[in-house]
Amino acid sequence: MNSQTQEDWSLFKKLRSQDQKSLSLRSARRRYLNEVIGPSLREKPKAFYQYVKRLRQDSTGIQQLFHKGCPKSSSQEKADILGSHFESVFTSEPDTPLPNILPSKYPPMEEIVVHANGVENLLRGLDPSKSTGPDNIPAILLKEVATKVSPILTHIYNQSLKSGELSKDWKKAHVPFFKKGDRTKG
């Protein structure tokens, strides 16, 4: 049916304008995705993963957990539930010293000595894009002060090796979260 009325003509123009806007939005989105996912993925993987993270419906990480039948949704409550679970499935060893065993038929191991230049090289090799550890010191800062800090850290490491004890702070760790692969294969 071919109608030439002014009303039909204005409706046609309005619909055509809307269609052109949606086409330009689609092409803009397509260009953006080509920039993020395209050949630059190897050069800018962070941009890709940021895009994927924005697409996720639950951007908070761990979904709601139930503890004794009650739902828990705050980050602290979820961390406490997971922490108590991990604590319950591992054996807690007593802090008593090991018993003396008969003399070994193997020679004793040489004393381990940490050198300042080795510590400095390791600090300079840190990846600044990685997240901080429990100490919350960014890797980029450690790289910058590697020359000044390495003798102090060397002394601390050597003292720890001589005494055979680790600081309680060194035993803390961030629990890693699942990132890729099959979730069921641990």
# chains A, B, ... in the order shown; residues from 1 in each chain; ligands from 1
>>> residues_around(residues="segment 79-83 of chain A", least_positions_apart="5", cutoff="9 Å", atoms="only C-alpha atoms", output="PDB file with N, CA, C and O atoms, in the first residue's frame")
ATOM      1  N   LEU A  65      26.602 -16.613  50.178  1.00  0.00           N
ATOM      2  CA  LEU A  65      26.872 -17.910  50.798  1.00  0.00           C
ATOM      3  C   LEU A  65      25.882 -18.144  51.934  1.00  0.00           C
ATOM      4  O   LEU A  65      25.406 -17.194  52.552  1.00  0.00           O
ATOM      5  N   PHE A  66      25.600 -19.416  52.192  1.00  0.00           N
ATOM      6  CA  PHE A  66      24.713 -19.771  53.291  1.00  0.00           C
ATOM      7  C   PHE A  66      25.535 -20.439  54.379  1.00  0.00           C
ATOM      8  O   PHE A  66      26.317 -21.344  54.125  1.00  0.00           O
ATOM      9  N   HIS A  67      25.360 -19.963  55.606  1.00  0.00           N
ATOM     10  CA  HIS A  67      26.061 -20.527  56.754  1.00  0.00           C
ATOM     11  C   HIS A  67      25.014 -20.861  57.807  1.00  0.00           C
ATOM     12  O   HIS A  67      24.303 -19.970  58.287  1.00  0.00           O
ATOM     13  N   LYS A  72      24.537 -15.115  53.757  1.00  0.00           N
ATOM     14  CA  LYS A  72      25.558 -14.117  54.104  1.00  0.00           C
ATOM     15  C   LYS A  72      26.006 -13.452  52.807  1.00  0.00           C
ATOM     16  O   LYS A  72      26.364 -14.132  51.847  1.00  0.00           O
ATOM     17  N   SER A  74      27.814  -9.995  52.902  1.00  0.00           N
ATOM     18  CA  SER A  74      28.897  -9.009  53.014  1.00  0.00           C
ATOM     19  C   SER A  74      30.237  -9.693  52.763  1.00  0.00           C
ATOM     20  O   SER A  74      30.405 -10.895  53.017  1.00  0.00           O
ATOM     21  N   SER A  88      39.019 -25.787  58.736  1.00  0.00           N
ATOM     22  CA  SER A  88      38.468 -27.057  59.206  1.00  0.00           C
ATOM     23  C   SER A  88      38.964 -28.258  58.401  1.00  0.00           C
ATOM     24  O   SER A  88      38.969 -29.368  58.915  1.00  0.00           O
TER      25      SER A  88
END
>>> select_by_dssp(residues="segment 25-108 of chain A", states="strand (DSSP E or B)", output="PyMOL selection string")
chain A and resi 65-67+70-72
>>> closest_residue(among="A:Glu43, A:Glu111, A:Glu87, A:Glu7", to="Leu161 of chain A", atoms="only C-alpha atoms")
A:Glu111
>>> atom_distance(atom1="atom CA of Leu142 of chain A", atom2="atom CA of Asp169 of chain A")
17.7 Å
>>> atom_distance(atom1="atom CA of Ser150 of chain A", atom2="atom CA of Lys172 of chain A")
21.4 Å
>>> closest_residue(among="A:Ile37, A:Lys44, A:Arg29, A:Ile112", to="Gln159 of chain A", atoms="only C-alpha atoms")
A:Ile112
>>> atom_distance(atom1="atom CA of Ser131 of chain A", atom2="atom CA of Asn158 of chain A")
26.3 Å
>>> closest_residue(among="A:Asn121, A:His115, A:Ser160, A:Ser129", to="Lys46 of chain A", atoms="only C-alpha atoms")
A:Ser129
>>> closest_residue(among="A:Asn117, A:Ser73, A:Leu33, A:Ser104", to="Val52 of chain A", atoms="only C-alpha atoms")
A:Leu33
>>> decode(residues="segment 62-88 of chain A", atoms="N, CA, C and O atoms", output="PDB file, in the first residue's frame")
ATOM      1  N   ILE A  62      32.353 -13.394  44.704  1.00  0.00           N
ATOM      2  CA  ILE A  62      31.694 -14.574  45.256  1.00  0.00           C
ATOM      3  C   ILE A  62      30.229 -14.253  45.520  1.00  0.00           C
ATOM      4  O   ILE A  62      29.900 -13.239  46.120  1.00  0.00           O
ATOM      5  N   GLN A  63      29.354 -15.128  45.062  1.00  0.00           N
ATOM      6  CA  GLN A  63      27.934 -14.910  45.274  1.00  0.00           C
ATOM      7  C   GLN A  63      27.573 -15.175  46.729  1.00  0.00           C
ATOM      8  O   GLN A  63      28.407 -15.580  47.526  1.00  0.00           O
ATOM      9  N   GLN A  64      26.351 -14.933  47.071  1.00  0.00           N
ATOM     10  CA  GLN A  64      25.859 -15.084  48.428  1.00  0.00           C
ATOM     11  C   GLN A  64      26.123 -16.497  48.944  1.00  0.00           C
ATOM     12  O   GLN A  64      25.910 -17.483  48.244  1.00  0.00           O
ATOM     13  N   LEU A  65      26.602 -16.613  50.178  1.00  0.00           N
ATOM     14  CA  LEU A  65      26.872 -17.910  50.798  1.00  0.00           C
ATOM     15  C   LEU A  65      25.882 -18.144  51.934  1.00  0.00           C
ATOM     16  O   LEU A  65      25.406 -17.194  52.552  1.00  0.00           O
ATOM     17  N   PHE A  66      25.600 -19.416  52.192  1.00  0.00           N
ATOM     18  CA  PHE A  66      24.713 -19.771  53.291  1.00  0.00           C
ATOM     19  C   PHE A  66      25.535 -20.439  54.379  1.00  0.00           C
ATOM     20  O   PHE A  66      26.317 -21.344  54.125  1.00  0.00           O
ATOM     21  N   HIS A  67      25.360 -19.963  55.606  1.00  0.00           N
ATOM     22  CA  HIS A  67      26.061 -20.527  56.754  1.00  0.00           C
ATOM     23  C   HIS A  67      25.014 -20.861  57.807  1.00  0.00           C
ATOM     24  O   HIS A  67      24.303 -19.970  58.287  1.00  0.00           O
ATOM     25  N   LYS A  68      24.888 -22.128  58.127  1.00  0.00           N
ATOM     26  CA  LYS A  68      23.879 -22.625  59.076  1.00  0.00           C
ATOM     27  C   LYS A  68      22.488 -22.170  58.677  1.00  0.00           C
ATOM     28  O   LYS A  68      21.690 -21.723  59.493  1.00  0.00           O
ATOM     29  N   GLY A  69      22.215 -22.214  57.360  1.00  0.00           N
ATOM     30  CA  GLY A  69      20.905 -21.895  56.842  1.00  0.00           C
ATOM     31  C   GLY A  69      20.628 -20.419  56.634  1.00  0.00           C
ATOM     32  O   GLY A  69      19.596 -20.059  56.105  1.00  0.00           O
ATOM     33  N   CYS A  70      21.535 -19.556  57.058  1.00  0.00           N
ATOM     34  CA  CYS A  70      21.318 -18.107  56.917  1.00  0.00           C
ATOM     35  C   CYS A  70      22.178 -17.574  55.759  1.00  0.00           C
ATOM     36  O   CYS A  70      23.359 -17.887  55.671  1.00  0.00           O
ATOM     37  N   PRO A  71      21.585 -16.749  54.893  1.00  0.00           N
ATOM     38  CA  PRO A  71      22.370 -16.175  53.789  1.00  0.00           C
ATOM     39  C   PRO A  71      23.332 -15.103  54.293  1.00  0.00           C
ATOM     40  O   PRO A  71      22.984 -14.298  55.156  1.00  0.00           O
ATOM     41  N   LYS A  72      24.537 -15.115  53.757  1.00  0.00           N
ATOM     42  CA  LYS A  72      25.558 -14.117  54.104  1.00  0.00           C
ATOM     43  C   LYS A  72      26.006 -13.452  52.807  1.00  0.00           C
ATOM     44  O   LYS A  72      26.364 -14.132  51.847  1.00  0.00           O
ATOM     45  N   SER A  73      26.001 -12.125  52.792  1.00  0.00           N
ATOM     46  CA  SER A  73      26.347 -11.443  51.549  1.00  0.00           C
ATOM     47  C   SER A  73      27.461 -10.430  51.683  1.00  0.00           C
ATOM     48  O   SER A  73      28.052 -10.032  50.688  1.00  0.00           O
ATOM     49  N   SER A  74      27.814  -9.995  52.902  1.00  0.00           N
ATOM     50  CA  SER A  74      28.897  -9.009  53.014  1.00  0.00           C
ATOM     51  C   SER A  74      30.237  -9.693  52.763  1.00  0.00           C
ATOM     52  O   SER A  74      30.405 -10.895  53.017  1.00  0.00           O
ATOM     53  N   SER A  75      31.190  -8.926  52.292  1.00  0.00           N
ATOM     54  CA  SER A  75      32.512  -9.479  51.977  1.00  0.00           C
ATOM     55  C   SER A  75      33.162 -10.083  53.213  1.00  0.00           C
ATOM     56  O   SER A  75      33.774 -11.151  53.141  1.00  0.00           O
ATOM     57  N   GLN A  76      33.030  -9.429  54.355  1.00  0.00           N
ATOM     58  CA  GLN A  76      33.641  -9.936  55.586  1.00  0.00           C
ATOM     59  C   GLN A  76      33.024 -11.266  55.999  1.00  0.00           C
ATOM     60  O   GLN A  76      33.722 -12.201  56.367  1.00  0.00           O
ATOM     61  N   GLU A  77      31.696 -11.362  55.929  1.00  0.00           N
ATOM     62  CA  GLU A  77      31.019 -12.609  56.306  1.00  0.00           C
ATOM     63  C   GLU A  77      31.426 -13.748  55.375  1.00  0.00           C
ATOM     64  O   GLU A  77      31.703 -14.865  55.836  1.00  0.00           O
ATOM     65  N   LYS A  78      31.492 -13.469  54.085  1.00  0.00           N
ATOM     66  CA  LYS A  78      31.884 -14.509  53.127  1.00  0.00           C
ATOM     67  C   LYS A  78      33.329 -14.946  53.373  1.00  0.00           C
ATOM     68  O   LYS A  78      33.640 -16.139  53.320  1.00  0.00           O
ATOM     69  N   ALA A  79      34.206 -13.983  53.645  1.00  0.00           N
ATOM     70  CA  ALA A  79      35.613 -14.318  53.919  1.00  0.00           C
ATOM     71  C   ALA A  79      35.722 -15.166  55.185  1.00  0.00           C
ATOM     72  O   ALA A  79      36.503 -16.134  55.232  1.00  0.00           O
ATOM     73  N   ASP A  80      34.946 -14.830  56.211  1.00  0.00           N
ATOM     74  CA  ASP A  80      34.978 -15.605  57.458  1.00  0.00           C
ATOM     75  C   ASP A  80      34.486 -17.029  57.237  1.00  0.00           C
ATOM     76  O   ASP A  80      35.065 -17.986  57.764  1.00  0.00           O
ATOM     77  N   ILE A  81      33.423 -17.193  56.451  1.00  0.00           N
ATOM     78  CA  ILE A  81      32.880 -18.532  56.167  1.00  0.00           C
ATOM     79  C   ILE A  81      33.922 -19.365  55.426  1.00  0.00           C
ATOM     80  O   ILE A  81      34.197 -20.515  55.784  1.00  0.00           O
ATOM     81  N   LEU A  82      34.514 -18.782  54.373  1.00  0.00           N
ATOM     82  CA  LEU A  82      35.513 -19.531  53.610  1.00  0.00           C
ATOM     83  C   LEU A  82      36.753 -19.822  54.452  1.00  0.00           C
ATOM     84  O   LEU A  82      37.315 -20.915  54.390  1.00  0.00           O
ATOM     85  N   GLY A  83      37.172 -18.850  55.273  1.00  0.00           N
ATOM     86  CA  GLY A  83      38.336 -19.053  56.133  1.00  0.00           C
ATOM     87  C   GLY A  83      38.115 -20.174  57.130  1.00  0.00           C
ATOM     88  O   GLY A  83      38.996 -21.023  57.333  1.00  0.00           O
ATOM     89  N   SER A  84      36.944 -20.205  57.752  1.00  0.00           N
ATOM     90  CA  SER A  84      36.678 -21.278  58.721  1.00  0.00           C
ATOM     91  C   SER A  84      36.578 -22.636  58.026  1.00  0.00           C
ATOM     92  O   SER A  84      36.980 -23.655  58.579  1.00  0.00           O
ATOM     93  N   HIS A  85      36.061 -22.646  56.791  1.00  0.00           N
ATOM     94  CA  HIS A  85      36.002 -23.914  56.058  1.00  0.00           C
ATOM     95  C   HIS A  85      37.416 -24.420  55.746  1.00  0.00           C
ATOM     96  O   HIS A  85      37.727 -25.589  55.978  1.00  0.00           O
ATOM     97  N   PHE A  86      38.274 -23.525  55.217  1.00  0.00           N
ATOM     98  CA  PHE A  86      39.642 -23.955  54.901  1.00  0.00           C
ATOM     99  C   PHE A  86      40.373 -24.408  56.163  1.00  0.00           C
ATOM    100  O   PHE A  86      41.123 -25.374  56.144  1.00  0.00           O
ATOM    101  N   GLU A  87      40.133 -23.735  57.273  1.00  0.00           N
ATOM    102  CA  GLU A  87      40.769 -24.101  58.535  1.00  0.00           C
ATOM    103  C   GLU A  87      40.292 -25.476  58.997  1.00  0.00           C
ATOM    104  O   GLU A  87      41.072 -26.262  59.532  1.00  0.00           O
ATOM    105  N   SER A  88      39.019 -25.787  58.736  1.00  0.00           N
ATOM    106  CA  SER A  88      38.468 -27.057  59.206  1.00  0.00           C
ATOM    107  C   SER A  88      38.964 -28.258  58.401  1.00  0.00           C
ATOM    108  O   SER A  88      38.969 -29.368  58.915  1.00  0.00           O
TER     109      SER A  88
END
